[in-house]
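See below for start.txt, which holds compact mmCIF, C-alpha atoms.
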```
# COMPACT_ATOMS: atom_id res chain seq x y z
CA MET A 259 -6.64 -21.03 10.70
CA SER A 260 -6.56 -20.81 6.98
CA ASP A 261 -9.05 -22.90 4.99
CA GLN A 262 -6.22 -23.78 2.64
CA PRO A 263 -3.19 -25.13 4.46
CA ASP A 264 -0.70 -23.82 1.89
CA ARG A 265 -1.67 -20.18 2.16
CA TYR A 266 -2.98 -17.63 4.64
CA THR A 267 -6.39 -15.96 4.66
CA CYS A 268 -6.73 -12.23 3.88
CA GLU A 269 -6.82 -11.44 7.59
CA GLU A 270 -3.72 -13.51 8.28
CA VAL A 271 -1.90 -11.77 5.45
CA PHE A 272 -3.07 -8.34 6.61
CA ARG A 273 -1.55 -8.98 10.05
CA ARG A 274 1.76 -9.88 8.43
CA LEU A 275 1.87 -7.31 5.66
CA ASP A 276 4.38 -4.94 7.25
CA ASP A 277 6.75 -7.77 8.12
CA TYR A 278 6.34 -9.24 4.65
CA VAL A 279 7.15 -5.92 2.99
CA ASP A 280 10.26 -5.71 5.17
CA ARG A 281 11.26 -9.33 4.43
CA GLU A 282 11.17 -10.06 8.14
CA LEU A 283 9.00 -13.19 8.02
CA ALA A 284 10.35 -16.70 8.34
CA GLU A 285 10.66 -18.57 5.03
CA GLU A 286 7.56 -20.67 5.59
CA GLU A 287 5.43 -17.64 6.46
CA THR A 288 6.83 -15.78 3.48
CA GLN A 289 5.73 -18.58 1.18
CA MET A 290 2.26 -18.68 2.77
CA VAL A 291 1.86 -14.93 2.21
CA ARG A 292 3.25 -15.10 -1.32
CA ARG A 293 0.84 -17.83 -2.34
CA HIS A 294 -2.07 -15.79 -0.99
CA LEU A 295 -0.94 -12.67 -2.84
CA ASP A 296 -0.66 -14.67 -6.05
CA ALA A 297 -4.31 -15.63 -5.70
CA CYS A 298 -5.90 -12.52 -4.13
CA ALA A 299 -5.96 -9.32 -6.18
CA VAL A 300 -7.17 -7.13 -3.28
CA CYS A 301 -4.36 -8.13 -0.91
CA ALA A 302 -1.87 -7.99 -3.77
CA SER A 303 -2.86 -4.39 -4.50
CA GLU A 304 -2.53 -3.49 -0.81
CA TYR A 305 0.92 -5.02 -0.75
CA ALA A 306 1.96 -3.28 -3.98
CA PHE A 307 0.81 0.10 -2.65
CA GLU A 308 2.57 -0.27 0.70
CA ALA A 309 5.80 -1.47 -0.92
CA ASP A 310 5.68 1.40 -3.41
CA VAL A 311 5.11 3.96 -0.63
CA LEU A 312 8.18 2.70 1.24
CA ASP A 313 10.33 2.65 -1.91
CA LYS A 314 9.35 6.20 -2.80
CA LEU A 315 9.93 7.49 0.73
CA ARG A 316 13.37 5.87 0.84
CA GLY A 317 14.22 7.45 -2.49
CA LYS A 318 13.19 10.93 -1.38
CA LEU A 319 14.73 10.75 2.09
CA ARG A 320 18.09 9.54 0.81
CA ARG A 321 18.66 12.51 -1.48
CA ILE A 322 21.24 14.08 0.78
CA ASP A 323 24.66 15.53 0.13
CA ALA A 324 26.85 15.62 3.20
CA PRO A 325 28.50 19.03 3.68
CA ALA A 326 31.92 19.27 2.07
CA GLY A 327 33.65 20.29 5.30
CA LEU A 328 32.15 17.60 7.49
CA LEU A 329 35.15 15.28 7.50
CA ALA A 330 37.44 18.10 8.60
CA LYS A 331 35.03 19.08 11.38
CA VAL A 332 34.80 15.47 12.53
CA SER A 333 38.58 15.20 12.53
CA ARG A 334 38.74 18.30 14.71
CA ALA A 335 36.15 16.79 17.09
CA ILE A 336 38.32 13.69 17.38
CA GLU A 337 41.41 15.82 18.02
CA ARG A 338 39.48 17.70 20.68
CA ALA A 339 38.45 14.45 22.35
CA ARG A 340 42.05 13.30 22.38
CA SER A 341 43.33 16.54 23.87
CA THR A 342 40.58 17.04 26.45
CA PRO A 343 40.89 15.09 29.70
CA PRO A 344 37.84 12.85 30.30
CA GLU A 345 35.32 14.23 32.77
CA LYS A 346 35.52 12.63 36.19
CA MET B 131 54.49 10.14 20.41
CA ASP B 132 50.99 10.05 21.86
CA GLY B 133 50.05 6.42 22.42
CA ASN B 134 46.48 7.14 21.39
CA LEU B 135 47.41 8.45 17.95
CA PRO B 136 47.30 5.20 15.96
CA ARG B 137 43.96 4.29 17.58
CA ALA B 138 42.49 7.75 16.79
CA ALA B 139 43.76 7.54 13.21
CA THR B 140 42.01 4.20 12.90
CA LEU B 141 38.81 5.77 14.14
CA GLU B 142 39.00 8.39 11.41
CA SER B 143 39.63 5.77 8.76
CA LEU B 144 36.63 3.79 9.97
CA LEU B 145 34.45 6.89 10.15
CA GLU B 146 35.19 8.35 6.75
CA PRO B 147 33.35 5.76 4.63
CA ILE B 148 30.22 5.94 6.80
CA LEU B 149 30.19 9.69 7.34
CA ALA B 150 27.63 10.45 4.64
CA SER B 151 25.30 7.77 6.03
CA ALA B 152 25.76 9.08 9.57
CA TYR B 153 25.02 12.60 8.42
CA GLY B 154 21.89 11.39 6.60
CA VAL B 155 20.52 9.74 9.71
CA ALA B 156 21.55 12.74 11.83
CA LEU B 157 19.73 15.10 9.47
CA ARG B 158 16.51 13.10 9.77
CA LEU B 159 16.85 13.13 13.55
CA ALA B 160 17.97 16.72 14.07
CA ARG B 161 15.82 18.15 11.25
CA ASN B 162 18.27 20.81 10.11
CA ARG B 163 21.76 20.80 8.64
CA ASN B 164 23.53 22.73 11.38
CA ASP B 165 22.19 20.54 14.17
CA ALA B 166 22.92 17.43 12.10
CA GLU B 167 26.55 18.46 11.68
CA ASP B 168 26.79 19.18 15.41
CA LEU B 169 25.28 15.78 16.16
CA VAL B 170 27.78 13.92 13.98
CA GLN B 171 30.68 15.87 15.50
CA GLU B 172 29.45 15.16 19.02
CA ALA B 173 29.09 11.48 18.14
CA ALA B 174 32.65 11.45 16.73
CA PHE B 175 33.89 13.10 19.95
CA GLN B 176 32.15 10.47 22.08
CA ALA B 177 33.28 7.69 19.76
CA CYS B 178 36.88 8.76 20.27
CA ARG B 179 36.37 8.79 24.02
CA GLY B 180 34.88 5.32 23.96
CA PHE B 181 36.91 3.84 21.12
CA HIS B 182 38.62 1.43 23.50
CA THR B 183 35.24 -0.31 23.88
CA PHE B 184 34.92 -0.98 20.15
CA GLN B 185 35.78 -4.58 19.29
CA PRO B 186 37.79 -4.68 16.04
CA GLY B 187 36.10 -6.92 13.51
CA THR B 188 32.60 -6.14 14.74
CA ASN B 189 30.17 -3.81 12.98
CA PHE B 190 31.67 -0.34 13.33
CA LYS B 191 28.74 1.35 11.63
CA ALA B 192 26.26 -0.12 14.12
CA TRP B 193 28.58 0.83 16.97
CA PHE B 194 28.85 4.42 15.74
CA PHE B 195 25.12 4.72 15.03
CA ARG B 196 24.46 3.60 18.61
CA ILE B 197 26.58 6.52 19.81
CA LEU B 198 24.90 8.86 17.34
CA THR B 199 21.39 7.97 18.51
CA ASN B 200 22.49 8.21 22.15
CA CYS B 201 23.85 11.70 21.45
CA PHE B 202 20.55 12.60 19.82
CA TYR B 203 18.58 11.40 22.84
CA TYR B 204 20.93 13.31 25.15
CA ARG B 205 20.51 16.53 23.20
CA TYR B 206 16.80 15.94 22.89
CA ARG B 207 16.40 15.66 26.65
CA LEU B 208 18.49 18.75 27.18
CA LYS B 209 16.22 20.81 25.03
CA ARG B 210 12.64 21.63 25.85
CA ARG B 211 10.25 18.74 25.52
CA GLU B 212 9.01 18.98 21.97
CA PRO B 213 5.27 19.00 21.50
CA GLU B 214 4.10 15.87 19.76
CA THR B 215 2.70 17.12 16.50
CA VAL B 216 1.13 13.83 15.54
CA ASP B 217 -1.80 12.14 17.22
CA VAL B 218 -0.17 8.85 18.10
CA GLU B 219 -3.43 7.11 18.81
CA ASP B 220 -5.07 8.01 15.55
CA ALA B 221 -3.33 6.40 12.61
CA GLN B 222 -4.97 3.39 11.07
CA GLU B 223 -3.27 0.76 8.97
CA LEU B 224 -3.06 1.39 5.21
CA TYR B 225 -3.91 5.03 5.92
CA LEU B 226 -2.47 6.41 2.70
CA LEU B 227 -4.03 3.69 0.57
CA LEU B 228 -7.45 4.30 2.11
CA LYS B 229 -7.21 8.06 1.58
CA ALA B 230 -5.80 7.69 -1.92
CA THR B 231 -8.59 5.30 -2.83
CA GLU B 232 -11.19 7.66 -1.39
CA HIS B 233 -9.84 10.48 -3.57
CA GLY B 234 -9.27 8.45 -6.71
CA LEU B 235 -5.51 8.73 -6.45
CA VAL B 236 -4.44 5.11 -6.70
CA ASP B 237 -2.51 4.38 -9.84
CA HIS B 238 -3.21 0.86 -11.05
CA GLY B 239 0.10 0.57 -12.87
CA ALA B 240 3.52 -0.37 -11.58
CA ASP B 241 3.74 2.65 -9.24
CA PRO B 242 0.45 2.63 -7.36
CA ALA B 243 1.45 5.39 -4.92
CA SER B 244 2.81 7.74 -7.57
CA LYS B 245 -0.23 10.03 -7.76
CA VAL B 246 0.10 10.83 -4.06
CA LEU B 247 3.84 10.78 -3.51
CA ASP B 248 5.49 11.83 -6.76
CA LYS B 249 4.32 15.40 -6.31
CA LEU B 250 5.64 15.60 -2.75
CA GLY B 251 9.17 16.95 -2.51
CA GLU B 252 11.96 15.58 -0.37
CA GLU B 253 11.37 18.50 1.99
CA HIS B 254 7.77 17.41 2.59
CA VAL B 255 8.76 13.84 3.40
CA ALA B 256 11.62 15.05 5.59
CA ALA B 257 9.23 17.36 7.45
CA ALA B 258 6.78 14.51 7.98
CA ILE B 259 9.43 12.21 9.42
CA GLY B 260 10.78 15.13 11.44
CA ALA B 261 7.36 15.65 13.00
CA LEU B 262 7.24 12.11 14.38
CA PRO B 263 7.67 11.74 18.14
CA ALA B 264 11.34 11.06 18.90
CA GLU B 265 11.18 7.32 19.51
CA PHE B 266 9.35 6.75 16.21
CA ARG B 267 11.58 9.20 14.38
CA VAL B 268 14.74 7.39 15.46
CA ALA B 269 13.47 3.96 14.40
CA CYS B 270 12.13 5.33 11.10
CA ALA B 271 15.29 7.33 10.36
CA LEU B 272 17.43 4.21 10.71
CA TYR B 273 14.92 2.18 8.70
CA PHE B 274 14.52 4.59 5.81
CA MET B 275 18.09 5.85 5.56
CA GLU B 276 19.85 2.51 5.87
CA ASP B 277 19.01 -0.99 4.68
CA LEU B 278 18.90 -2.41 8.18
CA LYS B 279 17.00 -5.43 9.44
CA TYR B 280 14.86 -5.12 12.55
CA ASP B 281 17.45 -6.93 14.67
CA GLU B 282 20.18 -4.57 13.50
CA ILE B 283 18.08 -1.55 14.46
CA ALA B 284 17.33 -3.22 17.81
CA SER B 285 21.05 -3.68 18.36
CA ILE B 286 21.70 0.01 17.65
CA LEU B 287 18.88 1.16 19.88
CA GLU B 288 19.64 -1.47 22.52
CA CYS B 289 16.03 -2.55 22.74
CA PRO B 290 14.07 -5.73 21.92
CA VAL B 291 13.28 -6.54 18.27
CA GLY B 292 9.58 -6.44 19.15
CA THR B 293 9.95 -2.83 20.26
CA VAL B 294 11.58 -1.92 16.95
CA ARG B 295 8.85 -3.72 15.03
CA SER B 296 6.15 -1.88 16.95
CA ARG B 297 7.83 1.54 16.57
CA LEU B 298 8.43 1.02 12.87
CA HIS B 299 4.97 -0.21 12.02
CA ARG B 300 3.31 2.48 14.08
CA GLY B 301 5.77 5.13 12.97
CA ARG B 302 5.04 4.34 9.34
CA ARG B 303 1.33 4.68 9.92
CA LEU B 304 1.91 8.05 11.59
CA LEU B 305 4.14 9.02 8.69
CA GLN B 306 1.47 8.08 6.17
CA LYS B 307 -1.05 10.18 8.02
CA ALA B 308 1.30 13.15 8.17
CA LEU B 309 2.10 12.79 4.47
CA TRP B 310 -1.54 12.74 3.55
CA GLN B 311 -2.09 15.93 5.55
CA VAL B 312 0.81 17.61 3.77
CA ALA B 313 -0.43 16.40 0.40
CA PHE B 314 -3.90 17.67 1.11
CA GLU B 315 -2.74 21.04 2.44
CA ARG B 316 -0.54 21.56 -0.59
CA GLY B 317 -3.30 20.70 -2.98
CA VAL B 318 -1.60 17.55 -4.19
CA ALA B 319 -4.57 15.51 -3.18
CA VAL B 320 -7.52 17.18 -4.78
CA PRO B 321 -10.83 15.33 -4.64
CA GLN B 322 -11.58 13.61 -7.92
CA GLY B 323 -13.65 15.77 -10.26
CA THR B 324 -12.39 19.10 -8.92
CA GLU B 325 -8.88 18.86 -10.33
CA GLN B 326 -7.88 21.72 -12.59
CA PRO B 327 -6.95 20.77 -16.14
```

Do you think you could lay out the structure here as structure tokens?
Amino acid sequence: MSDQPDRYTCEEVFRRLDDYVDRELAEEETQMVRRHLDACAVCASEYAFEADVLDKLRGKLRRIDAPAGLLAKVSRAIERARSTPPEK
Amino acid sequence: MDGNLPRAATLESLLEPILASAYGVALRLARNRNDAEDLVQEAAFQACRGFHTFQPGTNFKAWFFRILTNCFYYRYRLKRREPETVDVEDAQELYLLLKATEHGLVDHGADPASKVLDKLGEEHVAAAIGALPAEFRVACALYFMEDLKYDEIASILECPVGTVRSRLHRGRRLLQKALWQVAFERGVAVPQGTEQP
């Protein structure tokens, strides 16, 4: 248990860091983590680094242009499905 | 007139706005553009076949992504078993932070990971996610390409939320390890003091 009832310890925060970054914690847990991060520079820097890594990876991975002819190909696939009898 | 026509036209109208997203996820799964296009087309084919099971008013994107990931798994099993290029057992938490700290590459400003990641191209990150074992790659592709909550990913993959959480957390650690290896091999991460001016 945490020594201070309104916030987690470093270890308790560490265990929840991934979920906190993903905003997957319940509101009460979120507040407990946030209060710890406000007071602990080491955990705050770990959180900032992890959040920045995920932001940067999202940014790089989402740089995609779908091929211009994809919609036409998909339409043809749908037409094919409609004209092909289902397999028994 | 074919009785299925209006239904099929509706499928196309539902698919069009999510096609770019579907292709993005497919590209991260299939790892190359041709296979990604094939995957989306196969998913569209199967979606048409199973369109009668789609409940109007529910989340079409999640429904289609479920078909897309199922198509990926089907194709994946048809092909040779891919060698796992990442050591699943050997990826500690905060891997990138620990390595970056060790090499003096943590920026203490607003973008702490910039010294490691800004020099890596999209192709390096894509290759790292593409090297993940399939189950991690699928969870991470949905996570990184779409703003989905764990329960939404679980719904797409038809597995418990805890399984998604585990695959994502572990997958991200594996990804960080792979990225560090790429960074190091490409000379992005040069030990402090040996960097060229």

- request: Pull out every residue of chain A that has at least one atom within 12 Å of chain B, counting all atoms listed in the file, and report them as a VMD selection string.
  value: chain A and resid 272 to 283 299 to 345

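Atom to atom, atom CA of Arg297 of chain B and atom CA of Val268 of chain B stand 9.1 Å apart.
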
- prompt: Quick one: residues within 12 Å of Ser285 of chain B, all atoms listed in the file counted, chain neighbours fewer than 2 positions away excluded, as a list in words?
  reply: Asn189, Lys191, Ala192, Trp193, Phe194, Phe195, Arg196, Ile197, Thr199, Ala269, Leu272, Leu278, Lys279, Tyr280, Asp281, Glu282, Ile283, Leu287, Glu288, Cys289, Pro290, Val291, Gly292, Thr293 and Val294 of chain B

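Atom pair atom CA of Pro186 of chain B / atom CA of Leu198 of chain B: separated by 18.7 Å.
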
task: Just the residues within 7 Å of segment 287-294 of chain A, please, counting all atoms listed in the file, with nothing from its chain fewer than 4 positions along; format it as a count of residues only.
output: 7
